[in-house]
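Notes follow the structure.
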Protein chains: 2
Amino acid sequence: MKFNFKAIISILGLLLTLNGGFMLLCLPVSIYYQDEQWHSLLISGIVTLVVGLTGYILTKNQTSSGLKKRDGYLVVTLGWLCMSLFGTLPYQISGEIPGFSDAFFETVSGYTTTGASILNDIESVSKGVLMWRSLTQWIGGMGIIVLTVAILPLLGIGGMQLFVAEAPGVTPDKLKPRIADTAKRLWLIYLGLTLVETGLLKLGGMSFFDAINHSLTTMATGGFSTKQASIAYFTSPFIQYVIIIFMFLAGSNFTLTYFGLHGQLKKVWENEEFKYYAGFTIGIGLLVTLVVYTVTESTLEPAFRDAMFQLVSIITTTGFVSADYTSWAPVLTVIFFMLMFVGASAGSTAGGVKVVRHVILLKNSILELRRQIHPSAVLPVRLNKVAVSSDITFNVMAFMIIYFMIFALGSIIISALGYDFNTSVGAVATCLGNIGPGIGKVGPMDNFAFISSGGKWVLSFLMILGRLELFTVLILFTPYYWRKH
Amino acid sequence: MKFNFKAIISILGLLLTLNGGFMLLCLPVSIYYQDEQWHSLLISGIVTLVVGLTGYILTKNQTSSGLKKRDGYLVVTLGWLCMSLFGTLPYQISGEIPGFSDAFFETVSGYTTTGASILNDIESVSKGVLMWRSLTQWIGGMGIIVLTVAILPLLGIGGMQLFVAEAPGVTPDKLKPRIADTAKRLWLIYLGLTLVETGLLKLGGMSFFDAINHSLTTMATGGFSTKQASIAYFTSPFIQYVIIIFMFLAGSNFTLTYFGLHGQLKKVWENEEFKYYAGFTIGIGLLVTLVVYTVTESTLEPAFRDAMFQLVSIITTTGFVSADYTSWAPVLTVIFFMLMFVGASAGSTAGGVKVVRHVILLKNSILELRRQIHPSAVLPVRLNKVAVSSDITFNVMAFMIIYFMIFALGSIIISALGYDFNTSVGAVATCLGNIGPGIGKVGPMDNFAFISSGGKWVLSFLMILGRLELFTVLILFTPYYWRKH
């Protein structure tokens, strides 16, 4: 079996065409704010558009004709890589981020919706380029929804869409018969929520520019801010609560949000992942509130807001910061670090491990104890009242094990570059989980500028690995994948 | 089904009788060194002996008559607890460790062969009590061999003995038909190696007292030392190499050592866990040597010795220290921390996860990637050229997941008591893995004296949990176990 290169190039071409278009969308922003970078955006946009269109036209619209599973693995990783390469153009041409490693890191951090930044003075960056920076996250968020809900199930690629497809009531083909249609509806929700949040943030006192940028990066659970201090810059409780709510929504399964918006609330409440996601957020949120209230001198409401903001930001892998949690109490650093391994819902824009996997792992751990007492009993994990096949449980455990292996290996590599224990484990956990801020020297109030080029490349790789949920990328490194069939 | 309390009490009685006897063994040491603590040891020994004998005689030698699997779980945990309670007597009566939490922590750290200590001035402790301290580790090491090789397989309890029983060529009943006989042979090896090491250490210049104590705690992979500076006190390269070799032996499967001593070397080399254990030790050892050689100003031999000593000490979960690895380079702190999750061979005295589990996890991870490409192919993990049943692979993954869950929860609890990130994760990783020294404020040159009582109880629980490989203890916390059958 050979690769279907025509289809692969066609898809990559289409992706670049779309991205070129988005770059040109930043032109009016640049012109409006007279930041004198419109020419950089214009050149970047045209180059990307021309390269993309050439590939697309040369392969004569073969986007999905005869695309096989094996092509799918390649196209997903290449897609993210291609976008990240061309996405550096606005930074490079404008000179806002001169070094290529830096520009690549920032772009990967955008498309993977991580939000780790190398910018030391965000406010000095021209508005048009900042708009592009936020858009990379929004595109990345949109991309992951399309990928998990539409493309991967179509190709029969396991892992990512496992639960979205498995959970009864949220099966894409039950939602709407045609997958392209489903994707379109989810985009509309994504777009709609972005616009509503923009309106609310504007209402809360943000400038229109800040409002649209933060909405783009909230809905993508990305976390890029137009301010160096992130959301700590905006002290308005209204703004902070709006962002908490929209981060939570962005971390929810978009198919469930669709049902919710159509009044089918029963389907939302009955979904087990959502129950755990909501319950966990509230439970841990109250616990953290208690700690913050006890150790800081703040009153109850700000303690609750600070606790919930940081918690929801990390669980949803957004990475916005409204306060430095590492300065509160050591236990919160440990809790928030562990939460970097949680992630929000499958079928959302969030990265990381995902709540549904943890639910399966937790239930299976208890069942495994029971299996010791009754070795002959067949005790499958039950999710949404349905038995989960042992293959899926097996896969989820293997995923988690591989996740920890990569975390360990990544931490060793980063520390080998000379960074201390906390910085190394923090940087790797946050990049692999697509969050943004870590602990140690890459904590909530810091950035990744000081990391060496080598470190940035490793972390960029980890961001892509995490975003594509390990398997899709790792498979490309096995000999089995490249063997002729 | 009711518990067979008579048999349970009989076993606990036997255990205490043995332990009382061992306490009395310390009497001559105390008298010889005139440390004026012989009366404490005498009283402790008699109390333990009398309580033990009473229980044993009252139940009329029902040790294993009608002992069921369900009783087995209870007796294992209760056994370790009972021993740890009575084991505190010499510390308490002599006043060498006045606080009960401290004495319990030190005793649990002994019986679980962890080696974490609360003693701030070991050299000032009377010789007889120090002898007892080393003996608790030696007893614990002997206990775990008997448990994994003889008792648990007899009761059909899964988990711990899984690989010892499964690996072809090392099945206990192939080794010798009768299990009691097998256990006896392994004790003889254990005792023999302890005596040989004692001779070698004496030859290397240690006093007889230091030689016997360090041999007891080496073979148990325990790590208690008679010196506050641990093995760093003994600068002789010969002594350090002897300890490296015997730590490695103590971390090897004792059934394999039996084969090796009987000239059946082929069985040793063909055992996959041993191959990985030896290969990993040498591979990582050379890597660490390179780092130590590069970052410190030492010459090659001391760098190699320091690297190998610390590495073997952590992998085998012994916990001796001959140099402060946390001061060398940040990457070594990260590497050694990650190694705390490795552990040595199954069927050895080492604690932790065990190499064989990692071999299965590693092989299965690669196979899981292959399964993504060929979902219908049946691809079992192969160990020693035999397919491992998917139940075992499933169990190993669940074990690892639960291990990480307990690690995360334990770290949160310890940090909630006010300790920093590194200290918390270090203390929990090292106690759960039965190692001894951690990182942060419980690093190689520190001890656990400053941890609060609450923290010591939590860590004591984690040591027992780790020593009994999670399941055996955790099962007691499930409702299924206590339900009537």
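All residue names refer to the structure tokens as shown: chains lettered A, B, ... in order, residues numbered from 1 in each chain, ligands numbered from 1 in order.
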
* Leaving out Trp138 in chain A and any residue of its chain fewer than 4 positions from it, which residues lie within 7 Å of it when counting only C-alpha atoms, given as number ranges by chain? -> A: 134, 142, 216-217, 220

* Would you list the contacts of range 329-340 of chain B as an NGL selection string, taking every protein, DNA or RNA residue within 7 Å and counting only C-alpha atoms, but skipping same-chain residues closer than 4 positions in sequence? => (:A and (408 or 412 or 415-416 or 418-421)) or (:B and (295 or 314-315 or 325 or 429-430 or 433))

* Long-range neighbours of Gly143 in chain A as an MDAnalysis selection string, 12 Å cut-off, only C-alpha atoms, 3 positions minimum in chain -> chainID A and resid 15 18:19 76 79:80 83 110:113 135:140 146:152 183:184 186:187 190 220 347:350 467:468

With a distance threshold of 9 Å and counting only C-alpha atoms, extract the residues of chain B near chain A and express them as a short mmCIF file (atom, residue, chain, number, x, y, z; two decimals) with N, CA, C and O atoms, in the first residue's frame.
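See result-v4.cif below for the written result:
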data_model
loop_
_atom_site.label_atom_id
_atom_site.label_comp_id
_atom_site.auth_asym_id
_atom_site.auth_seq_id
_atom_site.Cartn_x
_atom_site.Cartn_y
_atom_site.Cartn_z
N LYS B 69 -7.75 -17.67 51.05
CA LYS B 69 -7.27 -16.48 50.36
C LYS B 69 -7.68 -15.19 51.10
O LYS B 69 -6.88 -14.29 51.29
N ARG B 70 -8.97 -15.18 51.50
CA ARG B 70 -9.50 -13.99 52.15
C ARG B 70 -8.77 -13.71 53.47
O ARG B 70 -8.49 -12.56 53.81
N ILE B 157 -3.14 -15.82 45.90
CA ILE B 157 -3.30 -14.36 45.85
C ILE B 157 -2.46 -13.81 44.72
O ILE B 157 -1.25 -14.07 44.64
N GLY B 158 -3.09 -13.07 43.84
CA GLY B 158 -2.40 -12.57 42.65
C GLY B 158 -1.61 -11.31 42.92
O GLY B 158 -1.65 -10.76 44.00
N GLY B 159 -0.94 -10.86 41.91
CA GLY B 159 -0.27 -9.57 41.99
C GLY B 159 1.20 -9.73 42.27
O GLY B 159 2.02 -9.71 41.36
N ALA B 329 24.04 17.85 39.61
CA ALA B 329 23.45 18.55 38.46
C ALA B 329 21.95 18.33 38.52
O ALA B 329 21.50 17.26 38.95
N PRO B 330 21.16 19.34 38.11
CA PRO B 330 19.70 19.18 38.20
C PRO B 330 19.19 17.95 37.47
O PRO B 330 18.26 17.29 37.94
N VAL B 331 19.84 17.61 36.35
CA VAL B 331 19.35 16.46 35.58
C VAL B 331 19.42 15.17 36.39
O VAL B 331 18.57 14.29 36.25
N LEU B 332 20.41 15.08 37.30
CA LEU B 332 20.52 13.86 38.09
C LEU B 332 19.41 13.77 39.14
O LEU B 332 18.92 12.69 39.44
N THR B 333 19.00 14.92 39.67
CA THR B 333 17.86 14.91 40.60
C THR B 333 16.63 14.39 39.87
O THR B 333 15.90 13.54 40.39
N VAL B 334 16.43 14.87 38.65
CA VAL B 334 15.26 14.41 37.88
C VAL B 334 15.38 12.92 37.57
O VAL B 334 14.45 12.15 37.79
N ILE B 335 16.56 12.50 37.09
CA ILE B 335 16.75 11.08 36.75
C ILE B 335 16.54 10.20 37.98
O ILE B 335 15.79 9.23 37.94
N MET B 338 12.93 9.97 38.97
CA MET B 338 12.16 9.08 38.10
C MET B 338 12.50 7.62 38.40
O MET B 338 11.63 6.75 38.34
N LEU B 361 5.08 -3.12 30.60
CA LEU B 361 4.48 -1.84 30.22
C LEU B 361 5.11 -1.29 28.95
O LEU B 361 4.42 -0.78 28.06
N LEU B 362 6.43 -1.40 28.87
CA LEU B 362 7.16 -0.87 27.71
C LEU B 362 6.78 -1.65 26.46
O LEU B 362 6.44 -1.07 25.42
N ASN B 364 4.15 -3.47 25.98
CA ASN B 364 2.74 -3.28 25.66
C ASN B 364 2.48 -1.92 25.01
O ASN B 364 1.62 -1.78 24.15
N SER B 365 3.24 -0.91 25.43
CA SER B 365 3.05 0.42 24.85
C SER B 365 3.37 0.40 23.36
O SER B 365 2.66 0.98 22.55
N ILE B 366 4.45 -0.29 23.01
CA ILE B 366 4.82 -0.38 21.60
C ILE B 366 3.77 -1.18 20.84
O ILE B 366 3.34 -0.81 19.74
N GLU B 368 0.68 -1.44 21.62
CA GLU B 368 -0.57 -0.68 21.53
C GLU B 368 -0.55 0.23 20.30
O GLU B 368 -1.57 0.43 19.65
N LEU B 369 0.62 0.77 19.97
CA LEU B 369 0.74 1.58 18.76
C LEU B 369 0.48 0.70 17.54
O LEU B 369 -0.20 1.11 16.60
N ARG B 370 1.03 -0.51 17.59
CA ARG B 370 0.83 -1.44 16.47
C ARG B 370 -0.64 -1.82 16.35
O ARG B 370 -1.15 -2.00 15.25
N GLN B 372 -3.10 0.02 16.94
CA GLN B 372 -3.86 1.10 16.31
C GLN B 372 -3.91 0.89 14.79
O GLN B 372 -4.90 1.17 14.14
N ILE B 373 -2.78 0.41 14.26
CA ILE B 373 -2.71 0.21 12.81
C ILE B 373 -3.44 -1.06 12.41
O ILE B 373 -4.10 -1.11 11.39
N PRO B 375 -6.11 -3.10 14.12
CA PRO B 375 -6.99 -3.25 15.29
C PRO B 375 -7.44 -4.69 15.50
O PRO B 375 -7.77 -5.08 16.62
N THR B 393 -1.22 -8.36 31.81
CA THR B 393 -0.88 -7.05 31.29
C THR B 393 -1.86 -6.01 31.82
O THR B 393 -1.47 -4.91 32.23
N PHE B 394 -3.12 -6.38 31.82
CA PHE B 394 -4.19 -5.52 32.35
C PHE B 394 -3.89 -5.16 33.81
O PHE B 394 -3.94 -4.01 34.21
N ASN B 395 -3.56 -6.22 34.59
CA ASN B 395 -3.28 -6.03 36.01
C ASN B 395 -2.06 -5.14 36.24
O ASN B 395 -2.06 -4.27 37.11
N MET B 397 -0.90 -2.80 34.23
CA MET B 397 -1.24 -1.41 33.91
C MET B 397 -2.06 -0.81 35.05
O MET B 397 -1.81 0.32 35.47
N ALA B 398 -3.04 -1.56 35.53
CA ALA B 398 -3.87 -1.05 36.64
C ALA B 398 -3.00 -0.77 37.86
O ALA B 398 -3.18 0.25 38.53
N PHE B 399 -2.05 -1.66 38.13
CA PHE B 399 -1.14 -1.46 39.25
C PHE B 399 -0.41 -0.12 39.12
O PHE B 399 -0.34 0.68 40.04
N MET B 400 0.15 0.10 37.92
CA MET B 400 0.92 1.32 37.69
C MET B 400 0.04 2.57 37.84
O MET B 400 0.46 3.57 38.43
N ILE B 401 -1.18 2.49 37.31
CA ILE B 401 -2.10 3.62 37.40
C ILE B 401 -2.43 3.91 38.87
O ILE B 401 -2.39 5.06 39.32
N ILE B 402 -2.74 2.85 39.63
CA ILE B 402 -3.06 3.03 41.05
C ILE B 402 -1.85 3.58 41.79
O ILE B 402 -1.97 4.43 42.67
N MET B 405 -1.78 7.18 41.17
CA MET B 405 -2.88 7.84 41.90
C MET B 405 -2.51 8.03 43.36
O MET B 405 -2.71 9.11 43.93
N ALA B 408 0.10 10.70 43.72
CA ALA B 408 -0.46 12.04 43.59
C ALA B 408 -1.20 12.44 44.87
O ALA B 408 -0.99 13.52 45.42
N LEU B 409 -2.05 11.55 45.35
CA LEU B 409 -2.83 11.83 46.55
C LEU B 409 -1.92 12.01 47.76
O LEU B 409 -2.09 12.94 48.55
N SER B 411 1.20 12.96 47.78
CA SER B 411 1.95 14.21 47.67
C SER B 411 1.10 15.39 48.08
O SER B 411 1.58 16.33 48.73
N ILE B 412 -0.18 15.35 47.70
CA ILE B 412 -1.08 16.44 48.08
C ILE B 412 -1.23 16.48 49.60
O ILE B 412 -1.15 17.55 50.22
N ILE B 413 -1.40 15.31 50.21
CA ILE B 413 -1.58 15.27 51.67
C ILE B 413 -0.32 15.78 52.38
O ILE B 413 -0.40 16.62 53.28
N ILE B 414 0.85 15.32 51.96
CA ILE B 414 2.08 15.76 52.62
C ILE B 414 2.31 17.26 52.43
O ILE B 414 2.68 17.97 53.36
N SER B 415 2.02 17.76 51.22
CA SER B 415 2.21 19.20 51.00
C SER B 415 1.19 20.01 51.77
O SER B 415 1.44 21.15 52.16
N ALA B 416 0.01 19.42 52.02
CA ALA B 416 -1.01 20.11 52.82
C ALA B 416 -0.54 20.32 54.25
O ALA B 416 -1.04 21.19 54.96
N LEU B 417 0.43 19.51 54.68
CA LEU B 417 0.99 19.69 56.02
C LEU B 417 2.04 20.80 56.02
O LEU B 417 2.67 21.08 57.04
N GLY B 418 2.26 21.42 54.85
CA GLY B 418 3.11 22.59 54.80
C GLY B 418 4.47 22.39 54.14
O GLY B 418 5.29 23.31 54.13
N TYR B 419 4.73 21.20 53.60
CA TYR B 419 6.04 20.98 52.99
C TYR B 419 6.03 21.38 51.52
O TYR B 419 5.00 21.31 50.86
N ASP B 420 7.21 21.80 51.03
CA ASP B 420 7.28 22.32 49.67
C ASP B 420 7.13 21.21 48.64
O ASP B 420 7.12 20.02 48.98
N PHE B 421 7.01 21.60 47.39
CA PHE B 421 6.77 20.68 46.27
C PHE B 421 7.77 19.53 46.25
O PHE B 421 7.39 18.35 46.30
N ASN B 422 9.07 19.86 46.22
CA ASN B 422 10.10 18.83 46.10
C ASN B 422 10.09 17.87 47.29
O ASN B 422 10.19 16.66 47.12
N SER B 424 7.63 17.18 49.29
CA SER B 424 6.42 16.37 49.31
C SER B 424 6.49 15.23 48.30
O SER B 424 6.28 14.06 48.65
N VAL B 425 6.79 15.55 47.04
CA VAL B 425 6.82 14.48 46.04
C VAL B 425 7.98 13.53 46.32
O VAL B 425 7.87 12.32 46.11
N PHE B 471 -2.24 -3.77 46.17
CA PHE B 471 -3.49 -4.52 46.13
C PHE B 471 -3.83 -5.18 47.47
O PHE B 471 -4.94 -5.06 47.97
N THR B 472 -2.83 -5.90 48.03
CA THR B 472 -3.07 -6.68 49.25
C THR B 472 -3.64 -5.80 50.37
O THR B 472 -4.50 -6.24 51.13
N LEU B 474 -4.95 -2.48 49.81
CA LEU B 474 -6.10 -1.70 49.34
C LEU B 474 -7.39 -2.52 49.34
O LEU B 474 -8.48 -1.98 49.57
N ILE B 475 -7.26 -3.81 49.08
CA ILE B 475 -8.44 -4.68 49.05
C ILE B 475 -9.20 -4.61 50.37
O ILE B 475 -10.43 -4.66 50.39
N THR B 478 -11.99 -2.08 50.47
CA THR B 478 -13.16 -2.17 49.59
C THR B 478 -14.29 -2.89 50.32
O THR B 478 -14.05 -3.76 51.14
N TYR B 480 -16.30 -4.96 49.00
CA TYR B 480 -16.41 -6.33 48.49
C TYR B 480 -15.70 -7.33 49.40
O TYR B 480 -16.13 -8.45 49.56
N TYR B 481 -14.58 -6.86 49.96
CA TYR B 481 -13.80 -7.77 50.79
C TYR B 481 -14.57 -8.17 52.05
O TYR B 481 -14.51 -9.31 52.49
#

* Would you mind telling me which residue in B:Val268, B:Leu24, B:Leu16, B:Leu286 lies nearest to Ser252 in chain B when using only C-alpha atoms? => B:Val268

Interface rows for range 27-87 of chain B against range 95-109 of chain B: nearest pair, Å to one decimal, 7 Å, only C-alpha atoms, as a tab-separated table:
residue	atom	partner	partner_atom	distance
B:Ser84	CA	B:Val108	CA	5.5
B:Leu85	CA	B:Phe104	CA	6.7
B:Gly87	CA	B:Thr107	CA	6.0

Kindly assemble as a Markdown table a list of the range 345-441 of chain A residues that lie within 12 Å of range 224-241 of chain A, each paired with its nearest atom pair and their distance in Å to one decimal, using only C-alpha atoms, sorted first by chain and then by ascending residue number.
| residue | atom | partner | partner_atom | distance |
| --- | --- | --- | --- | --- |
| A:Asn434 | CA | A:Phe224 | CA | 11.8 |
| A:Ile435 | CA | A:Phe224 | CA | 10.4 |
| A:Gly436 | CA | A:Phe224 | CA | 8.5 |
| A:Pro437 | CA | A:Phe224 | CA | 10.6 |

For the selection you just gave me, I'd like the residues written to a file as a PDB file, in the first residue's frame, keeping N, CA, C and O atoms.
ATOM      1  N   ASN A 434      -0.843  20.837  27.033  1.00  0.00           N
ATOM      2  CA  ASN A 434      -1.357  22.003  26.295  1.00  0.00           C
ATOM      3  C   ASN A 434      -1.965  23.059  27.202  1.00  0.00           C
ATOM      4  O   ASN A 434      -3.013  23.642  26.888  1.00  0.00           O
ATOM      5  N   ILE A 435      -1.311  23.334  28.334  1.00  0.00           N
ATOM      6  CA  ILE A 435      -1.877  24.275  29.295  1.00  0.00           C
ATOM      7  C   ILE A 435      -1.299  25.673  29.096  1.00  0.00           C
ATOM      8  O   ILE A 435      -1.987  26.578  28.670  1.00  0.00           O
ATOM      9  N   GLY A 436      -0.022  25.850  29.404  1.00  0.00           N
ATOM     10  CA  GLY A 436       0.606  27.160  29.217  1.00  0.00           C
ATOM     11  C   GLY A 436       1.589  27.448  30.322  1.00  0.00           C
ATOM     12  O   GLY A 436       2.777  27.209  30.170  1.00  0.00           O
ATOM     13  N   PRO A 437       1.123  27.928  31.472  1.00  0.00           N
ATOM     14  CA  PRO A 437       2.064  28.157  32.569  1.00  0.00           C
ATOM     15  C   PRO A 437       2.363  26.856  33.308  1.00  0.00           C
ATOM     16  O   PRO A 437       1.513  25.973  33.395  1.00  0.00           O
TER      17      PRO A 437
END

* To do: Record the distance separating CA of Phe246 in chain B and CA of Val321 in chain B, expressed in Å with one decimal.
  =>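 Computing it gives 14.5 Å between the two atoms.
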
* When DSSP works through the backbone of this structure, what residues of range 320-448 of chain A end up as alpha helix (DSSP H), shown as a ChimeraX atom specification? -> /A:330-339,355-373,390-416,421-432

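Nearest residue to Met308 in chain A among A:Ile245, A:Ile189, A:Val355, A:Leu261 is A:Ile245, counting only C-alpha atoms.
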